[in-house]
Every structure is written in C-alpha cells, then in structure tokens.
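First the structure, in the form of structure tokens, and then the observations on it.
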Amino acid sequence: MRSSVFKGRRRLLAPLVFAVLLGCGRKGGDGGNTVVTPPPPPTPTFRCTDSPVMVDKVALKCGIKRADDVWEIDVVIGSPTTSTDIGGFAFDLLFDPAILKYVPDSARAGPMLYQDGDTPLMSAQVMSGDPGRLVVGIYRTGGAAGVQGLAGVYDQIMTFSMKAVPGAQFDPDPGHLRFDMARSEALDSSALSQPIPSITFRDQLLLSFQ
C-alpha cells in the first residue's frame, strides 16, 4: 500500500520537476524572445578642420562654431611676414552654393590691418550672377603706411561665416571652400597697390557634415 502511494506521488511530481527545470533553462523568463533595441545612429554634425599656416601664406582657419550649421572662418597669414609693407588684400573665395551659403554681413576685419590706429576699408559680397563666389577687398585707408603680420597679435586678416544648406550632401572634396588663386593677392601700401610676390594663398581647410 505504501509503495503504491509513493509511486503515485512520483508520477504527480514528475511533470512539476520537468516544468521547473525548463523554466531554469530560460534567460530572463521571456522564453528567449528578448528584443534588443539598437542605439540610435550618431547625429551628423557640421565639422571644420584645418592645419598650421606657414609663414607668408594666407589661409583659412576654423574659427568659432556659431550654431549647429554655422562656422565662423578666419582668414590669417603665417607670421611674422617677410614683408613689412602690407597695405591690404584682394581675393575671391569659391564655394559650392548647393551645400554652403555665405552668411550676409558676417565679414569683419581682423586686427592685422588696424595697426597704428588705422581703420581699414572692407567689402565682402557674393558676386551677382555667381552665387558661389565671395569677392573680398580689405585695405588700409589712403596714405596709411604698410604693416607686418605678427604671430598671435596681428595675423588675422578678417573673419566671415558660412552656413550649411539643410540636407546638403558633403563629399570628401576639400575644395568646398577655397581661394580662386588667379584672383587672390596681397597688396603693398603704394598708391598703385602693387602685388607682394612673397605672400601667396593656400587652401588647407575642410568643411564636412558627418
């Protein structure tokens, strides 16, 4: 009698033990159907990179990021310059209007041409009929003596801002913003504003959206 009762209890416990063992083999108690949500992709950002500027080279440098889609760009000259008679600069900047826009009225003269208390004259305008060309002229006022670029003090020629066009697709081309070399020169302080051969322009800035 006791043996038959024990056998009956064993038959009743067997399914219960099996269920417990099965439950222990599952992870998280959800039957192995856990859904792992992948992290969101990184948000693309408007980036600016540059490199050191060599003496007597005029180049673009990353300035201040004014907004998520706006970078302030510095135009600087590697200093100290060999010329001490710099009266101004005239240059064109080329950019792709499908991905970049010049921020109107953002151009400001830097300290370089303000030396000796002079207030330089400056113009920066997108050329009519050519939306990808910014024409810049900055000169010391008539009669003011020329100056020398000095590192960390008088090496910034001007600043301006560029805005990324919404939805713009940037490729790896570093030429999104560059000088038109044929129309870019440093000028002396003479009445005829003669070019200064020792000062040249160089492209070394990269704007990207990634």
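Residue numbering restarts at 1 in every chain; chains get A, B, ... in the order shown in the structure tokens, and ligands count up from 1 in that same order.
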
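Residue neighbourhood of Arg47 (chain A), excluding near-sequence residues (fewer than 4 positions): A:Leu207, A:Ser208, A:Phe209, A:Gln210, at 8 Å, using only C-alpha atoms.
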
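These are the residues of region 2-209 of chain A assigned alpha helix (DSSP H) by DSSP from backbone coordinates: Arg2, Ser3, Ser4, Val5, Phe6, Lys7, Gly8, Arg9, Arg10, Arg11, Leu12, Leu13, Ala14, Pro15, Leu16, Val17, Phe18, Ala19, Val20, Leu21, Leu22, Gly23 and Cys24 of chain A.
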
Store the residues picked out above in a file with C-alpha atoms, as a tab-separated table (two decimals), in the first residue's frame.
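Produced file part03.tsv, reproduced below:
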chain	number	residue	atom	x	y	z
A	2	ARG	CA	2.78	2.46	0.97
A	3	SER	CA	4.68	1.53	-2.20
A	4	SER	CA	1.70	2.27	-4.45
A	5	VAL	CA	1.13	5.64	-2.77
A	6	PHE	CA	4.80	6.56	-3.26
A	7	LYS	CA	4.61	5.58	-6.93
A	8	GLY	CA	1.52	7.75	-7.34
A	9	ARG	CA	3.22	10.76	-5.78
A	10	ARG	CA	6.23	10.26	-8.05
A	11	ARG	CA	4.00	10.26	-11.11
A	12	LEU	CA	2.39	13.54	-9.94
A	13	LEU	CA	5.76	15.23	-9.16
A	14	ALA	CA	7.45	14.31	-12.44
A	15	PRO	CA	5.67	16.94	-14.61
A	16	LEU	CA	6.25	19.59	-11.94
A	17	VAL	CA	10.01	18.90	-11.78
A	18	PHE	CA	10.23	19.00	-15.58
A	19	ALA	CA	8.48	22.38	-15.67
A	20	VAL	CA	10.84	23.79	-13.03
A	21	LEU	CA	13.91	22.58	-14.92
A	22	LEU	CA	12.59	24.01	-18.18
A	23	GLY	CA	11.98	27.36	-16.55
A	24	CYS	CA	15.54	27.43	-15.16

So, counting only C-alpha atoms, which residue among A:Val165, A:Val58, A:Leu206, A:Leu187 is closest to Phe89 (chain A)? A:Leu187

Considering only C-alpha atoms, state which residue in the set A:Phe91, A:Tyr154, A:Tyr102, A:Trp71 is at the smallest distance from Leu205 (chain A). A:Trp71

I'd like to know which of A:Gly143, A:Pro131, A:Gly175, A:Pro166 is closest to Phe46 (chain A), using only C-alpha atoms. A:Pro166

Using only C-alpha atoms, which of A:Arg140, A:Arg108, A:Lys61, A:Lys101 sits nearest Val126 (chain A)? A:Lys101

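Picture a line from CA of Thr43 (chain A) to CA of Leu177 (chain A); it runs 23.2 Å.
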
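Between CA of Pro195 (chain A) and CA of Val103 (chain A) the interatomic distance comes to 28.8 Å.
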
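Straight-line separation from CA of Val135 (chain A) to CA of Met158 (chain A): 13.1 Å.
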
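The protein and nucleic acid residues lying at most 12 Å from Met127 (chain A) are Asp92, Leu93, Leu94, Phe95, Tyr102, Ser123, Ala124, Gln125, Gly129, Asp130, Pro131, Gly132, Arg133, Leu134, Val135 and Val136 of chain A, with only C-alpha atoms considered and sequence neighbours fewer than 2 positions away removed.
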
Same residues, all heavy atoms, saved as a short mmCIF file (atom, residue, chain, number, x, y, z; two decimals), in the first residue's frame:
data_model
loop_
_atom_site.label_atom_id
_atom_site.label_comp_id
_atom_site.auth_asym_id
_atom_site.auth_seq_id
_atom_site.Cartn_x
_atom_site.Cartn_y
_atom_site.Cartn_z
N ASP A 92 39.19 86.27 -54.00
CA ASP A 92 37.88 85.65 -54.19
C ASP A 92 37.87 84.30 -53.49
O ASP A 92 38.86 83.55 -53.57
CB ASP A 92 37.57 85.43 -55.67
CG ASP A 92 37.24 86.73 -56.41
OD1 ASP A 92 37.45 87.81 -55.82
OD2 ASP A 92 36.79 86.65 -57.56
N LEU A 93 36.77 83.99 -52.83
CA LEU A 93 36.56 82.67 -52.24
C LEU A 93 35.48 81.94 -53.02
O LEU A 93 34.42 82.51 -53.29
CB LEU A 93 36.16 82.81 -50.77
CG LEU A 93 37.29 83.19 -49.81
CD1 LEU A 93 36.72 83.68 -48.48
CD2 LEU A 93 38.22 82.01 -49.58
N LEU A 94 35.77 80.72 -53.38
CA LEU A 94 34.83 79.90 -54.14
C LEU A 94 34.21 78.85 -53.22
O LEU A 94 34.90 78.25 -52.39
CB LEU A 94 35.54 79.21 -55.30
CG LEU A 94 36.28 80.13 -56.29
CD1 LEU A 94 37.01 79.31 -57.34
CD2 LEU A 94 35.32 81.11 -56.93
N PHE A 95 32.91 78.63 -53.37
CA PHE A 95 32.22 77.60 -52.59
C PHE A 95 31.07 77.04 -53.42
O PHE A 95 30.62 77.65 -54.40
CB PHE A 95 31.72 78.16 -51.26
CG PHE A 95 30.79 79.34 -51.38
CD1 PHE A 95 29.41 79.17 -51.40
CD2 PHE A 95 31.29 80.64 -51.47
CE1 PHE A 95 28.55 80.26 -51.52
CE2 PHE A 95 30.44 81.74 -51.58
CZ PHE A 95 29.07 81.54 -51.60
N TYR A 102 27.15 81.84 -47.82
CA TYR A 102 27.78 82.90 -47.05
C TYR A 102 26.71 83.58 -46.20
O TYR A 102 25.62 83.87 -46.69
CB TYR A 102 28.44 83.91 -47.99
CG TYR A 102 28.83 85.21 -47.33
CD1 TYR A 102 29.84 85.26 -46.37
CD2 TYR A 102 28.19 86.41 -47.66
CE1 TYR A 102 30.19 86.45 -45.77
CE2 TYR A 102 28.54 87.60 -47.07
CZ TYR A 102 29.54 87.62 -46.12
OH TYR A 102 29.89 88.80 -45.52
N SER A 123 35.21 95.25 -48.07
CA SER A 123 34.00 94.86 -48.79
C SER A 123 34.02 93.35 -48.96
O SER A 123 35.06 92.77 -49.30
CB SER A 123 33.94 95.54 -50.17
OG SER A 123 32.87 95.03 -50.94
N ALA A 124 32.89 92.69 -48.72
CA ALA A 124 32.77 91.24 -48.91
C ALA A 124 31.35 90.98 -49.43
O ALA A 124 30.38 91.11 -48.69
CB ALA A 124 33.02 90.48 -47.62
N GLN A 125 31.25 90.64 -50.70
CA GLN A 125 29.95 90.47 -51.33
C GLN A 125 29.96 89.25 -52.24
O GLN A 125 30.96 88.98 -52.93
CB GLN A 125 29.59 91.71 -52.17
CG GLN A 125 29.47 93.01 -51.39
CD GLN A 125 28.24 93.04 -50.51
OE1 GLN A 125 27.24 92.38 -50.80
NE2 GLN A 125 28.32 93.79 -49.41
N GLY A 129 25.07 87.02 -59.99
CA GLY A 129 25.09 86.04 -61.07
C GLY A 129 26.02 84.87 -60.84
O GLY A 129 26.08 83.95 -61.65
N ASP A 130 26.79 84.91 -59.74
CA ASP A 130 27.70 83.81 -59.42
C ASP A 130 27.57 83.54 -57.92
O ASP A 130 28.38 84.02 -57.12
CB ASP A 130 29.14 84.19 -59.78
CG ASP A 130 30.10 83.00 -59.66
OD1 ASP A 130 29.67 81.94 -59.15
OD2 ASP A 130 31.26 83.14 -60.08
N PRO A 131 26.56 82.79 -57.50
CA PRO A 131 26.28 82.60 -56.06
C PRO A 131 27.33 81.81 -55.31
O PRO A 131 27.26 81.71 -54.08
CB PRO A 131 24.94 81.85 -56.07
CG PRO A 131 24.92 81.14 -57.38
CD PRO A 131 25.61 82.05 -58.35
N GLY A 132 28.33 81.28 -55.99
CA GLY A 132 29.38 80.52 -55.33
C GLY A 132 30.70 81.27 -55.28
O GLY A 132 31.75 80.64 -55.13
N ARG A 133 30.65 82.60 -55.39
CA ARG A 133 31.89 83.40 -55.37
C ARG A 133 31.72 84.58 -54.42
O ARG A 133 30.85 85.43 -54.62
CB ARG A 133 32.24 83.90 -56.77
CG ARG A 133 33.53 84.72 -56.84
CD ARG A 133 33.78 85.23 -58.26
NE ARG A 133 34.05 84.13 -59.17
CZ ARG A 133 35.25 83.61 -59.40
NH1 ARG A 133 36.31 84.09 -58.75
NH2 ARG A 133 35.40 82.62 -60.26
N LEU A 134 32.57 84.62 -53.38
CA LEU A 134 32.59 85.74 -52.45
C LEU A 134 33.81 86.60 -52.78
O LEU A 134 34.95 86.15 -52.71
CB LEU A 134 32.69 85.22 -51.01
CG LEU A 134 32.72 86.29 -49.90
CD1 LEU A 134 31.39 87.04 -49.83
CD2 LEU A 134 33.02 85.65 -48.54
N VAL A 135 33.55 87.85 -53.16
CA VAL A 135 34.61 88.77 -53.57
C VAL A 135 34.96 89.66 -52.38
O VAL A 135 34.09 90.35 -51.83
CB VAL A 135 34.16 89.63 -54.77
CG1 VAL A 135 35.29 90.57 -55.20
CG2 VAL A 135 33.75 88.74 -55.94
N VAL A 136 36.23 89.64 -51.99
CA VAL A 136 36.68 90.35 -50.79
C VAL A 136 37.77 91.35 -51.14
O VAL A 136 38.70 91.04 -51.90
CB VAL A 136 37.21 89.36 -49.73
CG1 VAL A 136 37.72 90.12 -48.50
CG2 VAL A 136 36.14 88.37 -49.33
#
